[in-house]
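Peer 1: Data: protein_0.txt, compact mmCIF, C-alpha atoms.
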# COMPACT_ATOMS: atom_id res chain seq x y z
CA MET H 115 -3.95 -3.00 -27.64
CA PHE H 116 -0.76 -4.63 -28.95
CA SER H 117 0.75 -1.26 -29.91
CA CYS H 118 -0.08 0.17 -26.49
CA ARG H 119 1.65 -2.74 -24.76
CA MET H 120 4.71 -2.38 -27.00
CA LYS H 121 4.83 1.32 -26.20
CA GLU H 122 4.63 0.59 -22.49
CA TRP H 123 7.37 -2.04 -22.81
CA TRP H 124 9.74 0.36 -24.52
CA ILE H 125 9.01 3.13 -22.03
CA GLN H 126 9.79 0.86 -19.11
CA VAL H 127 12.93 -0.48 -20.76
CA GLY H 128 13.98 3.13 -21.17
CA LEU H 129 13.29 3.83 -17.51
CA LEU H 130 15.30 0.77 -16.49
CA SER H 131 18.28 2.04 -18.45
CA VAL H 132 18.50 5.15 -16.26
CA PRO H 133 19.65 3.43 -13.04
CA LEU H 134 21.87 1.10 -15.07
CA LEU H 135 23.60 4.08 -16.65
CA ALA H 136 23.81 5.82 -13.28
CA VAL H 137 25.65 2.87 -11.76
CA TYR H 138 28.15 2.71 -14.60
CA LEU H 139 28.79 6.43 -14.31
CA HIS H 140 28.94 6.21 -10.48
CA ILE H 141 26.19 8.77 -10.09
CA PRO H 142 25.02 8.89 -6.43
CA PRO H 143 21.29 8.65 -5.67
CA PRO H 144 19.42 11.95 -5.40
CA LYS H 145 19.30 13.65 -2.02
CA LEU H 146 16.10 13.88 -0.04
CA SER H 147 13.92 16.85 -0.89
CA PRO H 148 13.14 19.39 1.86
CA ALA H 149 9.60 17.97 1.99
CA LEU H 150 10.90 14.44 2.65
CA HIS H 151 13.35 15.75 5.24
CA SER H 152 10.42 17.43 6.98
CA TRP H 153 8.34 14.27 6.76
CA ARG H 154 11.08 12.19 8.36
CA SER H 155 11.88 14.75 11.07
CA SER H 156 8.23 14.87 12.14
CA GLY H 157 8.13 11.09 12.65
CA GLY H 158 9.82 8.53 14.84
CA TYR H 159 10.84 4.89 15.02
CA PHE H 160 9.86 1.75 16.88
CA THR H 161 11.49 -1.67 16.80
CA TYR H 162 10.09 -4.88 15.41
CA LYS H 163 12.41 -7.89 15.69
CA ALA H 164 15.53 -5.70 15.53
CA GLN H 165 14.19 -3.76 12.54
CA ASN H 166 13.69 0.00 12.85
CA ILE H 167 10.26 0.96 11.55
CA PHE H 168 9.42 4.58 10.72
CA TYR H 169 6.02 6.04 11.58
CA ARG H 170 4.19 9.35 11.92
CA ASP H 171 1.56 10.07 14.54
CA SER H 172 -0.29 13.40 14.47
CA THR H 173 -2.82 14.60 17.00
CA GLY H 174 -5.69 16.27 15.21
CA ALA H 175 -9.30 17.18 15.77
CA VAL H 176 -10.31 18.36 19.23
CA GLY H 177 -13.37 16.59 20.56
CA SER H 178 -12.88 13.49 18.41
CA SER H 179 -11.62 10.16 19.72
CA ASP H 180 -11.42 8.53 16.29
CA ILE H 181 -8.15 7.05 15.08
CA VAL H 182 -7.09 6.28 11.51
CA ILE H 183 -4.07 4.25 10.41
CA LEU H 184 -2.87 4.63 6.83
CA LEU H 185 -1.31 1.69 4.99
CA HIS H 186 0.71 2.61 1.89
CA GLY H 187 1.29 0.76 -1.37
CA PHE H 188 4.17 -0.60 -3.45
CA PRO H 189 6.83 0.62 -4.07
CA THR H 190 6.40 3.80 -2.08
CA SER H 191 5.96 4.85 1.56
CA SER H 192 3.84 6.71 4.08
CA TYR H 193 4.60 9.90 2.16
CA ASP H 194 1.90 8.80 -0.29
CA TRP H 195 -0.60 10.27 2.17
CA TYR H 196 0.91 13.74 2.52
CA LYS H 197 -1.69 15.48 0.35
CA ILE H 198 -4.59 14.39 2.56
CA TRP H 199 -2.77 14.38 5.93
CA GLU H 200 -3.93 17.80 7.07
CA GLY H 201 -7.49 17.10 5.97
CA LEU H 202 -7.53 13.89 7.99
CA THR H 203 -6.24 15.67 11.11
CA GLN H 204 -9.27 17.97 10.93
CA ARG H 205 -11.56 14.93 11.31
CA PHE H 206 -9.58 12.42 13.39
CA HIS H 207 -8.06 12.68 16.85
CA ARG H 208 -5.04 10.61 15.75
CA VAL H 209 -3.69 10.18 12.21
CA ILE H 210 -1.01 7.49 12.02
CA ALA H 211 1.04 6.07 9.16
CA LEU H 212 4.09 3.85 8.89
CA ASP H 213 6.64 2.70 6.35
CA PHE H 214 6.48 -1.06 6.02
CA VAL H 215 9.77 -2.90 6.48
CA GLY H 216 11.66 -2.66 3.19
CA PHE H 217 10.07 0.69 2.29
CA GLY H 218 10.63 4.39 2.85
CA PHE H 219 12.61 5.28 5.97
CA SER H 220 12.20 1.84 7.57
CA ASP H 221 14.99 -0.74 7.53
CA LYS H 222 15.51 -2.77 4.36
CA PRO H 223 17.13 -6.03 5.51
CA ARG H 224 18.81 -8.21 2.88
CA PRO H 225 18.43 -11.09 2.56
CA HIS H 226 14.96 -11.20 4.09
CA ARG H 227 11.75 -13.14 3.57
CA TYR H 228 9.27 -10.30 3.17
CA SER H 229 5.64 -11.25 3.67
CA ILE H 230 2.21 -9.71 4.09
CA PHE H 231 1.93 -11.60 7.39
CA GLU H 232 5.03 -9.85 8.75
CA GLN H 233 3.79 -6.44 7.64
CA ALA H 234 0.47 -7.05 9.40
CA SER H 235 2.33 -8.02 12.57
CA ILE H 236 4.34 -4.80 12.31
CA VAL H 237 1.11 -2.79 12.22
CA GLU H 238 -0.11 -4.66 15.28
CA ARG H 239 3.16 -3.93 17.06
CA LEU H 240 2.83 -0.23 16.21
CA VAL H 241 -0.65 -0.15 17.71
CA GLY H 242 0.74 -1.70 20.90
CA HIS H 243 3.73 0.67 20.88
CA LEU H 244 1.36 3.66 20.79
CA GLY H 245 -0.81 2.26 23.59
CA LEU H 246 -3.84 1.84 21.34
CA ARG H 247 -4.43 -1.88 21.80
CA ASN H 248 -7.91 -1.36 23.29
CA HIS H 249 -8.97 1.39 20.88
CA ARG H 250 -11.04 0.86 17.77
CA ILE H 251 -9.05 1.68 14.64
CA ASN H 252 -10.15 2.88 11.21
CA LEU H 253 -7.90 1.50 8.46
CA LEU H 254 -7.33 3.38 5.20
CA SER H 255 -5.21 1.46 2.71
CA HIS H 256 -3.86 1.54 -0.82
CA ASP H 257 -2.44 -1.12 -3.18
CA TYR H 258 0.02 -3.32 -1.20
CA GLY H 259 -1.53 -1.89 1.96
CA ASP H 260 -4.92 -3.30 0.92
CA THR H 261 -3.53 -6.81 1.27
CA VAL H 262 -2.00 -6.02 4.67
CA ALA H 263 -5.41 -4.66 5.72
CA GLN H 264 -7.09 -7.88 4.53
CA GLU H 265 -4.76 -9.94 6.72
CA LEU H 266 -5.44 -7.65 9.68
CA LEU H 267 -9.16 -8.05 9.03
CA HIS H 268 -8.83 -11.84 8.96
CA ARG H 269 -7.05 -11.79 12.32
CA TYR H 270 -9.67 -9.48 13.80
CA GLU H 271 -12.59 -11.59 12.57
CA HIS H 272 -10.97 -14.74 13.98
CA ASN H 273 -10.11 -13.05 17.30
CA LYS H 274 -6.40 -13.73 16.95
CA THR H 275 -4.17 -12.74 19.87
CA GLY H 276 -2.85 -9.22 19.41
CA SER H 277 -5.24 -8.37 16.60
CA ILE H 278 -6.32 -4.79 16.03
CA LEU H 279 -9.87 -3.79 16.89
CA ILE H 280 -11.01 -2.64 13.45
CA ASN H 281 -13.77 -0.04 13.36
CA SER H 282 -13.87 0.36 9.56
CA LEU H 283 -11.84 -0.46 6.46
CA CYS H 284 -11.46 1.62 3.31
CA LEU H 285 -9.53 0.10 0.41
CA SER H 286 -8.20 1.82 -2.69
CA ASN H 287 -6.81 0.57 -6.02
CA GLY H 288 -5.20 -2.62 -4.80
CA GLY H 289 -4.88 -6.16 -6.17
CA ILE H 290 -7.67 -7.50 -3.98
CA PHE H 291 -8.48 -10.14 -6.59
CA PRO H 292 -5.48 -11.87 -8.21
CA GLU H 293 -7.60 -12.69 -11.27
CA THR H 294 -8.12 -8.99 -12.10
CA HIS H 295 -4.63 -7.80 -11.12
CA TYR H 296 -2.19 -7.05 -13.94
CA PRO H 297 1.33 -6.29 -12.65
CA ARG H 298 3.39 -3.87 -14.70
CA PHE H 299 6.32 -5.10 -16.77
CA ILE H 300 8.99 -4.35 -14.17
CA GLN H 301 6.99 -6.06 -11.42
CA LYS H 302 6.72 -9.24 -13.49
CA LEU H 303 10.42 -9.11 -14.29
CA LEU H 304 11.53 -8.78 -10.68
CA LYS H 305 8.94 -11.19 -9.28
CA ASP H 306 9.53 -14.04 -11.72
CA GLY H 307 13.28 -13.76 -12.15
CA GLY H 308 15.09 -14.07 -15.45
CA PHE H 309 18.55 -13.01 -16.48
CA LEU H 310 17.98 -9.34 -15.60
CA SER H 311 16.41 -9.92 -12.20
CA PRO H 312 19.61 -10.12 -10.07
CA ILE H 313 21.01 -7.02 -11.76
CA LEU H 314 17.83 -5.00 -11.36
CA THR H 315 17.28 -6.07 -7.78
CA ARG H 316 20.76 -4.83 -6.84
CA LEU H 317 20.67 -1.65 -8.88
CA MET H 318 17.21 -0.42 -7.93
CA ASN H 319 17.27 -0.57 -4.15
CA PHE H 320 16.85 3.18 -4.03
CA PHE H 321 13.50 2.80 -5.78
CA LEU H 322 12.50 -0.11 -3.51
CA PHE H 323 12.20 -2.64 -6.34
CA SER H 324 13.00 -5.87 -4.60
CA ARG H 325 12.26 -9.37 -5.78
CA GLY H 326 11.67 -10.38 -2.16
CA ILE H 327 9.10 -7.66 -1.57
CA LEU H 328 7.39 -8.46 -4.86
CA GLN H 329 6.57 -11.95 -3.64
CA TYR H 330 3.39 -10.39 -2.25
CA ILE H 331 1.90 -10.90 -5.73
CA ASN H 332 2.37 -14.63 -5.39
CA GLN H 333 1.16 -14.50 -1.78
CA ARG H 334 -2.10 -12.92 -2.96
CA LYS H 335 -2.72 -15.90 -5.22
CA LYS H 336 -1.79 -18.47 -2.60
CA HIS H 337 -3.91 -16.91 0.15
CA ARG H 338 -6.79 -15.62 -1.97
CA ASP H 339 -9.46 -17.51 -0.06
CA ARG H 340 -8.15 -16.25 3.27
CA TRP H 341 -7.94 -12.59 2.25
CA VAL H 342 -10.95 -12.25 -0.04
CA GLY H 343 -12.88 -14.36 2.45
CA ALA H 344 -12.09 -11.88 5.20
CA LEU H 345 -13.72 -9.11 3.15
CA ALA H 346 -16.71 -11.21 2.13
CA SER H 347 -17.58 -12.32 5.65
CA THR H 348 -16.86 -9.20 7.67
CA THR H 349 -19.45 -7.08 9.46
CA VAL H 350 -16.98 -4.16 9.61
CA PRO H 351 -18.09 -1.15 7.51
CA LEU H 352 -16.28 -1.56 4.19
CA HIS H 353 -15.66 0.94 1.42
CA LEU H 354 -13.67 1.19 -1.82
CA ILE H 355 -12.28 4.36 -3.38
CA TYR H 356 -11.35 3.62 -6.98
CA GLY H 357 -9.50 5.45 -9.73
CA PRO H 358 -10.96 3.89 -12.91
CA LEU H 359 -8.00 4.60 -15.19
CA ASP H 360 -5.88 2.15 -13.19
CA PRO H 361 -3.92 -0.15 -15.55
CA VAL H 362 -3.11 -2.55 -12.70
CA ASN H 363 -6.73 -3.12 -11.64
CA PRO H 364 -8.58 -2.15 -14.83
CA TYR H 365 -12.09 -0.80 -15.25
CA PRO H 366 -14.69 -2.23 -15.59
CA GLU H 367 -13.40 -5.76 -14.93
CA PHE H 368 -12.10 -5.07 -11.42
CA LEU H 369 -15.11 -3.03 -10.31
CA GLN H 370 -17.63 -5.55 -11.63
CA LEU H 371 -15.96 -8.38 -9.72
CA TYR H 372 -15.67 -6.25 -6.57
CA LYS H 373 -19.39 -5.46 -6.55
CA LYS H 374 -20.27 -9.08 -7.28
CA VAL H 375 -18.10 -10.56 -4.51
CA LEU H 376 -18.59 -7.75 -1.98
CA PRO H 377 -22.14 -6.42 -2.49
CA MET H 378 -22.31 -5.13 1.09
CA SER H 379 -19.43 -2.71 0.46
CA THR H 380 -20.03 0.87 -0.59
CA VAL H 381 -17.97 2.26 -3.49
CA SER H 382 -16.72 5.68 -4.60
CA VAL H 383 -15.56 5.87 -8.23
CA LEU H 384 -13.49 8.98 -8.90
CA ASP H 385 -13.25 10.92 -12.18
CA ASP H 386 -12.38 9.04 -15.36
CA HIS H 387 -8.83 10.44 -15.53
CA ILE H 388 -7.84 9.21 -12.04
CA SER H 389 -5.51 6.21 -12.12
CA HIS H 390 -3.60 4.01 -9.66
CA TYR H 391 -2.69 6.65 -7.03
CA PRO H 392 -6.00 8.41 -6.37
CA GLN H 393 -4.90 9.98 -3.08
CA LEU H 394 -2.14 11.79 -4.98
CA GLU H 395 -3.93 12.41 -8.28
CA ASP H 396 -7.18 13.67 -6.76
CA PRO H 397 -6.59 14.37 -3.06
CA THR H 398 -9.74 16.47 -2.67
CA GLY H 399 -11.99 13.88 -4.30
CA PHE H 400 -10.29 11.07 -2.38
CA LEU H 401 -10.56 12.84 0.97
CA ASN H 402 -14.20 13.79 0.42
CA ALA H 403 -15.07 10.22 -0.54
CA TYR H 404 -13.36 8.88 2.55
CA LEU H 405 -14.91 11.36 4.95
CA ASN H 406 -18.37 10.72 3.47
CA PHE H 407 -17.83 7.04 4.23
CA ILE H 408 -16.57 7.67 7.77
CA ASN H 409 -19.47 9.99 8.54
CA SER H 410 -22.04 7.48 7.25
CA PHE H 411 -21.95 5.15 10.24
Please render this file's structure as structure tokens.

Peer 2:
Amino acid sequence: MFSCRMKEWWIQVGLLSVPLLAVYLHIPPPKLSPALHSWRSSGGYFTYKAQNIFYRDSTGAVGSSDIVILLHGFPTSSYDWYKIWEGLTQRFHRVIALDFVGFGFSDKPRPHRYSIFEQASIVERLVGHLGLRNHRINLLSHDYGDTVAQELLHRYEHNKTGSILINSLCLSNGGIFPETHYPRFIQKLLKDGGFLSPILTRLMNFFLFSRGILQYINQRKKHRDRWVGALASTTVPLHLIYGPLDPVNPYPEFLQLYKKVLPMSTVSVLDDHISHYPQLEDPTGFLNAYLNFINSF
């Protein structure tokens, strides 16, 4: 175990040296790939408190009125869902995803107090922007997006003004329980500070590593009762899709706690080699697991 952690530490130190070297050599960030250009051109923007928020909204299956909103993880973007996008459009009438503020093609204000509460409000604003306030919404989330979904669920269960009408919630590989969540080395470094933190925060904007954004880890601890409580008390159909090789939410510790705390939830465990990004590592297995859940109620 110790040797594995040392190996991971040295690998991540090596990865950190790349952007540092790039800055010293004045190497510009890489250009967007054609796929990312296409992703951006097929989307649009709406405004939340003067911030431009990117989203995609695809009309899909004829004869279906079902809507799904996809909530991405850290430190990525809505593009995380590209491998299952077409498959979702064959089942849902509307497939919608956004880049949270600070991520992807959305604005990245600095300085800014990023919070899960703000991201949840941004999702609510998007639903209003699209004229879907009175429609029931299926939420599919991953990682950071799991926590945003938990806050949305809390608001729905407590009938908060402007809350989304949630039809179902499917989580995947997120830090739902702070006690079984193990941030990677770079996340700890940026979250907790230290002599390298200001340097890394400035140098790694392109990769969306921001100490402000990473405060969600502390927010999960502070608001555990609120967010885990929302899952434990809900009557909304709940499902988990889980890649068991996940080093952030390790097997079997995470799964055992999940089943203990949320026995009413159904669970899909993917193949043993699937890790933290199951929708990218096993899009077919992930999509099948999700559609089986959606078609079960």

Peer 1: Report, in Å to a single decimal, how far apart CA of Arg338 (chain H) and CA of Ser277 (chain H) are.

Peer 2: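 Computing the Euclidean distance for CA of Ser277 (chain H) and CA of Arg338 (chain H) yields 20.0 Å.
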
Peer 1: Calculated over all atoms listed in the file, which of the candidates H:Gln370, H:Thr261, H:Ser156, H:Ser379 has the smallest distance to Ser229 (chain H)?

Peer 2: H:Thr261

Peer 1: If we draw a sphere of 10 Å around (6.6, -5.7, 3.0), which residues have at least one atom in it when counting only C-alpha atoms? Please report them as a PyMOL selection string.

Peer 2: chain H and resi 187-189+213-217+222+227-234+236+258-259+262+324+326-330

Peer 1: Figure out the distance between CA of Val176 (chain H) and CA of Pro392 (chain H), please, to one decimal in Å.

Peer 2: 27.8 Å

Peer 1: Please compute the CA of Pro225 (chain H)-CA of Thr161 (chain H) distance, one decimal, in Å.

Peer 2: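 Separation of CA of Pro225 (chain H) and CA of Thr161 (chain H): 18.4 Å.
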
Peer 1: Could you list, as a ChimeraX atom specification, every residue within 6 Å of Ser255 (chain H), counting only C-alpha atoms and ignoring same-chain residues fewer than 5 positions away?

Peer 2: /H:184-185,260,285

Peer 1: Could you give me, as a PDB file with C-alpha atoms, in the frame of the given file, the residues within 12 Å of region 401-411 of chain H, counting all atoms listed in the file and dropping anything in the same chain fewer than 2 positions from it?

Peer 2:
ATOM      1  CA  ASP H 180     -11.420   8.530  16.290  1.00  0.00           C
ATOM      2  CA  ILE H 181      -8.150   7.050  15.080  1.00  0.00           C
ATOM      3  CA  VAL H 182      -7.090   6.280  11.510  1.00  0.00           C
ATOM      4  CA  TRP H 195      -0.600  10.270   2.170  1.00  0.00           C
ATOM      5  CA  TYR H 196       0.910  13.740   2.520  1.00  0.00           C
ATOM      6  CA  LYS H 197      -1.690  15.480   0.350  1.00  0.00           C
ATOM      7  CA  ILE H 198      -4.590  14.390   2.560  1.00  0.00           C
ATOM      8  CA  TRP H 199      -2.770  14.380   5.930  1.00  0.00           C
ATOM      9  CA  GLU H 200      -3.930  17.800   7.070  1.00  0.00           C
ATOM     10  CA  GLY H 201      -7.490  17.100   5.970  1.00  0.00           C
ATOM     11  CA  LEU H 202      -7.530  13.890   7.990  1.00  0.00           C
ATOM     12  CA  THR H 203      -6.240  15.670  11.110  1.00  0.00           C
ATOM     13  CA  GLN H 204      -9.270  17.970  10.930  1.00  0.00           C
ATOM     14  CA  ARG H 205     -11.560  14.930  11.310  1.00  0.00           C
ATOM     15  CA  PHE H 206      -9.580  12.420  13.390  1.00  0.00           C
ATOM     16  CA  ILE H 251      -9.050   1.680  14.640  1.00  0.00           C
ATOM     17  CA  ASN H 252     -10.150   2.880  11.210  1.00  0.00           C
ATOM     18  CA  LEU H 253      -7.900   1.500   8.460  1.00  0.00           C
ATOM     19  CA  LEU H 254      -7.330   3.380   5.200  1.00  0.00           C
ATOM     20  CA  SER H 255      -5.210   1.460   2.710  1.00  0.00           C
ATOM     21  CA  ASN H 281     -13.770  -0.040  13.360  1.00  0.00           C
ATOM     22  CA  SER H 282     -13.870   0.360   9.560  1.00  0.00           C
ATOM     23  CA  LEU H 283     -11.840  -0.460   6.460  1.00  0.00           C
ATOM     24  CA  CYS H 284     -11.460   1.620   3.310  1.00  0.00           C
ATOM     25  CA  LEU H 285      -9.530   0.100   0.410  1.00  0.00           C
ATOM     26  CA  SER H 286      -8.200   1.820  -2.690  1.00  0.00           C
ATOM     27  CA  VAL H 350     -16.980  -4.160   9.610  1.00  0.00           C
ATOM     28  CA  PRO H 351     -18.090  -1.150   7.510  1.00  0.00           C
ATOM     29  CA  LEU H 352     -16.280  -1.560   4.190  1.00  0.00           C
ATOM     30  CA  HIS H 353     -15.660   0.940   1.420  1.00  0.00           C
ATOM     31  CA  LEU H 354     -13.670   1.190  -1.820  1.00  0.00           C
ATOM     32  CA  ILE H 355     -12.280   4.360  -3.380  1.00  0.00           C
ATOM     33  CA  TYR H 356     -11.350   3.620  -6.980  1.00  0.00           C
ATOM     34  CA  GLY H 357      -9.500   5.450  -9.730  1.00  0.00           C
ATOM     35  CA  SER H 379     -19.430  -2.710   0.460  1.00  0.00           C
ATOM     36  CA  THR H 380     -20.030   0.870  -0.590  1.00  0.00           C
ATOM     37  CA  VAL H 381     -17.970   2.260  -3.490  1.00  0.00           C
ATOM     38  CA  SER H 382     -16.720   5.680  -4.600  1.00  0.00           C
ATOM     39  CA  VAL H 383     -15.560   5.870  -8.230  1.00  0.00           C
ATOM     40  CA  LEU H 384     -13.490   8.980  -8.900  1.00  0.00           C
ATOM     41  CA  ASP H 385     -13.250  10.920 -12.180  1.00  0.00           C
ATOM     42  CA  PRO H 392      -6.000   8.410  -6.370  1.00  0.00           C
ATOM     43  CA  GLN H 393      -4.900   9.980  -3.080  1.00  0.00           C
ATOM     44  CA  LEU H 394      -2.140  11.790  -4.980  1.00  0.00           C
ATOM     45  CA  GLU H 395      -3.930  12.410  -8.280  1.00  0.00           C
ATOM     46  CA  ASP H 396      -7.180  13.670  -6.760  1.00  0.00           C
ATOM     47  CA  PRO H 397      -6.590  14.370  -3.060  1.00  0.00           C
ATOM     48  CA  THR H 398      -9.740  16.470  -2.670  1.00  0.00           C
ATOM     49  CA  GLY H 399     -11.990  13.880  -4.300  1.00  0.00           C
TER      50      GLY H 399
END

Peer 1: Nearest to Val375 (chain H) among H:Tyr162, H:Tyr193, H:Tyr169, H:Phe291, with distances taken over all atoms listed in the file: which residue is it?

Peer 2: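 Closest residue, counting all atoms listed in the file: H:Phe291.
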
Peer 1: Taking all atoms of region 403-407 of chain H that the file lists and extending 5 Å past them on each side, where is the centre of the axis-aligned box and how long are its edges? Answer in Å to one decimal, as JSON.

Peer 2:
{"center_x": -15.9, "center_y": 9.2, "center_z": 2.2, "size_x": 15.0, "size_y": 14.3, "size_z": 15.5}

Peer 1: Taking all atoms listed in the file into account, name the residue in H:Asn363, H:Thr190, H:Thr275, H:Ser179 that is nearest to Gly289 (chain H).

Peer 2: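 Counting all atoms listed in the file, the residue closest to Gly289 (chain H) is H:Asn363.
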
Peer 1: Pull out region 146-172 of chain H, keep C-alpha atoms, and write it as a PDB file, in the first residue's frame.

Peer 2:
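result.pdb, freshly written:
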ATOM      1  CA  LEU H 146      -9.522  22.838 -28.921  1.00  0.00           C
ATOM      2  CA  SER H 147      -9.898  19.574 -30.790  1.00  0.00           C
ATOM      3  CA  PRO H 148     -12.414  19.395 -33.666  1.00  0.00           C
ATOM      4  CA  ALA H 149     -14.674  17.322 -31.395  1.00  0.00           C
ATOM      5  CA  LEU H 150     -14.696  20.034 -28.719  1.00  0.00           C
ATOM      6  CA  HIS H 151     -15.282  22.723 -31.342  1.00  0.00           C
ATOM      7  CA  SER H 152     -18.272  20.725 -32.543  1.00  0.00           C
ATOM      8  CA  TRP H 153     -19.531  20.270 -28.991  1.00  0.00           C
ATOM      9  CA  ARG H 154     -19.377  23.997 -28.315  1.00  0.00           C
ATOM     10  CA  SER H 155     -20.928  24.998 -31.642  1.00  0.00           C
ATOM     11  CA  SER H 156     -23.906  22.718 -31.020  1.00  0.00           C
ATOM     12  CA  GLY H 157     -24.638  24.386 -27.676  1.00  0.00           C
ATOM     13  CA  GLY H 158     -25.599  27.814 -26.420  1.00  0.00           C
ATOM     14  CA  TYR H 159     -25.408  30.108 -23.424  1.00  0.00           C
ATOM     15  CA  PHE H 160     -27.700  31.562 -20.791  1.00  0.00           C
ATOM     16  CA  THR H 161     -26.923  34.107 -18.094  1.00  0.00           C
ATOM     17  CA  TYR H 162     -26.828  33.579 -14.360  1.00  0.00           C
ATOM     18  CA  LYS H 163     -25.914  36.679 -12.338  1.00  0.00           C
ATOM     19  CA  ALA H 164     -23.820  38.113 -15.182  1.00  0.00           C
ATOM     20  CA  GLN H 165     -22.040  34.789 -15.745  1.00  0.00           C
ATOM     21  CA  ASN H 166     -22.321  33.092 -19.134  1.00  0.00           C
ATOM     22  CA  ILE H 167     -23.202  29.434 -18.678  1.00  0.00           C
ATOM     23  CA  PHE H 168     -22.769  26.941 -21.527  1.00  0.00           C
ATOM     24  CA  TYR H 169     -25.348  24.217 -22.148  1.00  0.00           C
ATOM     25  CA  ARG H 170     -26.464  21.696 -24.753  1.00  0.00           C
ATOM     26  CA  ASP H 171     -30.068  20.753 -25.411  1.00  0.00           C
ATOM     27  CA  SER H 172     -30.855  18.007 -27.916  1.00  0.00           C
TER      28      SER H 172
END
